[in-house]
Number of protein chains: 2
Amino acid sequence: MDGRRTIVVALGGNAIIEEGTQGTITEQFANTRKSLKAIVGMIMEGHKVILTHGNGPQVGVHLIQNEAASVQVPPSPLGVIVADTQGSMGYMIAQSLYNALLKQGIVKQIVTIVTQVEVDPADSSMLNPTKYVGPFYKAEQVEKLRARGWIIKEDPGRGYRRVVPSPMPLDVIEKDIIKDLVDGGKIVIAVGGGGVPVYREADGSLEGVDAVIDKDRASSLLANLVGADELLILTGVERVAINFKKPDQRFFDRLSLSDCELYLAEGQFPKGSMGPKIEAACDFIRRGGEKVIITSLENANEALHGKAGTLITA
Amino acid sequence: MDGRRTIVVALGGNAIIEEGTQGTITEQFANTRKSLKAIVGMIMEGHKVILTHGNGPQVGVHLIQNEAASVQVPPSPLGVIVADTQGSMGYMIAQSLYNALLKQGIVKQIVTIVTQVEVDPADSSMLNPTKYVGPFYKAEQVEKLRARGWIIKEDPGRGYRRVVPSPMPLDVIEKDIIKDLVDGGKIVIAVGGGGVPVYREADGSLEGVDAVIDKDRASSLLANLVGADELLILTGVERVAINFKKPDQRFFDRLSLSDCELYLAEGQFPKGSMGPKIEAACDFIRRGGEKVIITSLENANEALHGKAGTLITA
C-alpha cells in the first residue's frame, strides 16, 4: 500500500441477501454489518472509498411483489425497481457503515447517490437479452408471460425465467458529483445494482430503458470516471482460477491484462459469474486504471495488503 | 425578489401521482413533468433549489405489493419502503428536471440524496399513532390485522386503515452534504417522503423506526439546517384560508407568525392537511428562517414574485 488511495469497492448482491434466501430485513441488516468489516478497515487506514453493490436478489423480491399485486396496482418497469433498490439498499449500507465506524470512534459522512447510467439503445444485448431476472416459472406459465412482451428462456434444470438486456455502461450521469464528494473525503454509495439504465434521445434528454446493467462493469466505469486508484471486486471466491473445479484447477495471485484476455478468449470464465468480473477488470486497466483486486468479502483487507486475492495489472 | 436565493421547495406526493389514482409509471412521469415547470422557472432565475417531496400514494402502492406477496417474500418495514420511494421518486424527478432544463438550454447537475431523519423514540406520536398509511380494509379484516401488531383505526366513512407514528423531525443526518451540494450550485432532491425515520441509540448509532415523518416538517427543518432563505410549500390550494369552505371563508395574501399561532390555536387548519403545513411554516420562521410561501403548484412562480400565494413572515 502506498499511502491513501481512492478505492471503488464492488459488493455482490449476496453481501446483503445470502444466496438462496429471500432475507427478512433483520437478516439483510445482519449480513450488511458482516460485509462491512473489511470496508471499515480500509477507511481506518485513510483510504477514500466508493461503495457499489449488486441488487439481483432484491430486484427479484420487487418483481415478485409487483406481480403479486398487479391486479391492484400497476407494476413498475425494471429501471424504476433498480432505483427503488438503490434507495433501500443504500440506506441499509449507509446506516450499517455509519454504526460500524462509530464503534471504532470514527464519525464519517456517508451518502447514497441515486445513480443513472447511460447505455446505447442499439447495444447488441437489446436485441438479444440474456440476463435472467426475477422468479422461476413453470413450463405451463410461459405462453402467458410471453404474451406480456417478455422474453422467457429456460434456465437449464431450474425452470423458466424472464431475460432482459444487460447493455454496456457508457457514462455515469452523476459522475462529477460523485467525484467531488469522494475527493472531499465523503464515503459514497453509488451505481447500486449497476445504476438505473438510461439512454440519450437525439436532443440529449434522458429516457429510462427496460434493462439491467452489470454492477461490476458499472463499477469499473465509475472507477475510471472518478480517477480511482484501485477497483476491488468482492465475490464468493478468494482468488480467480482457470479450469475451475477441474483436476487441473489453477488459482492466481497475479494476472496481467494479456493473461486475462487470453483466458477470456479460451472461455475460462463463465458468462454469468467470473466472466463479467474479469472483463470489468480488463476495462478498468485498459482505460488507464492501475490495479484491480478480485477476492472474497472475508479476504478484502488482506488482499489490499497483497496477502490474498488475485491482483490484476497492465 | 432580492437576487439569487436558496429555496427549499416541498412538492406534494400528488405532484407525481394524481389524487385518487394509483398511477402507471407513464402517468407518474407525465405528472412529474407538469409539476416541474415552476421549478425550471426558479432555476432559470438563478436560485439555488432543494426539492423535497411527499410519498403517501407511493408508500401505499408498496404496502399493497408487500402484502400481496407476503407469502412468497418477507414484507419490508416502513422505513425501508420510504427509502425505496426516495430512490424511485428521486430518479423520476431528477431525470424529468434534467430534461426540462435541457429544453431551455440549461445543463445542471441534479442529485438525489437518500436521506435519514432523526426522531425521538419517545416522541408522543410513538404511543399514540395517528398517521393513516396504506390501503383501506373492511371491518371483518381488522382483527387479523391487529394480530400483526398493527394499530388499525376507522377513517370515518371510508373504511379501516393502519395508523403509524409520525414523530417530529429533530435532525437530518445528511445535512452537511446537502448544504455543500446546494451551496455549490447543484440541485438537490432530499428528505423524500419526510426522510427515513431513525433514532439514536445511547452510543450514538442509528436505528430505523417504523414510522413516517411529515414531509413539510422535514422540509422546514432541512431548510433551517442548510440556511435556506425561503421555504415554498406546494399544495392543492392557491392561498391559505380560515373558515375554509364556509360562508365567511377568508383567504390571506400575508400571515404573520402570531396570526398563524392564533389560527392554529383556534383549530382553523385541519390536522391531516393545512395544519402541519402551517406548523412547519411557523417552525421555519421561529428557527430563524425569513419567509415561507404556501401556494399551489400552478402558482409557484407568481408566488415567488409576490403575485400569488400566502406569504408567512415573522
# chains A, B, ... in the order shown; residues from 1 in each chain; ligands from 1
>>> select_by_dssp(residues="range 3-169 of chain A", states="helix (DSSP H, G or I)", output="ChimeraX atom specification")
/A:13-15,25-35,37-44,56-68,78-103,124-127,139-146
>>> interface_residues(of="chain B", to="chain A", cutoff="6 Å", atoms="only C-alpha atoms", output="list in words")
Thr24, Gln65, Asn66, Ala68, Ala69, Pro74, Val80, Ala83, Asp84, Gln86, Gly87, Ser88, Asn99, Thr112, Ile113, Val114 and Ser205 of chain B
>>> select_by_dssp(residues="range 30-166 of chain A", states="strand (DSSP E)", output="PyMOL selection string")
chain A and resi 48-53+110-112+116-119+131-137+151-155+159-164
>>> closest_residue(among="A:Leu232, A:Val107, A:Ala281, A:Val164", to="Ile50 in chain A", atoms="only C-alpha atoms")
A:Leu232
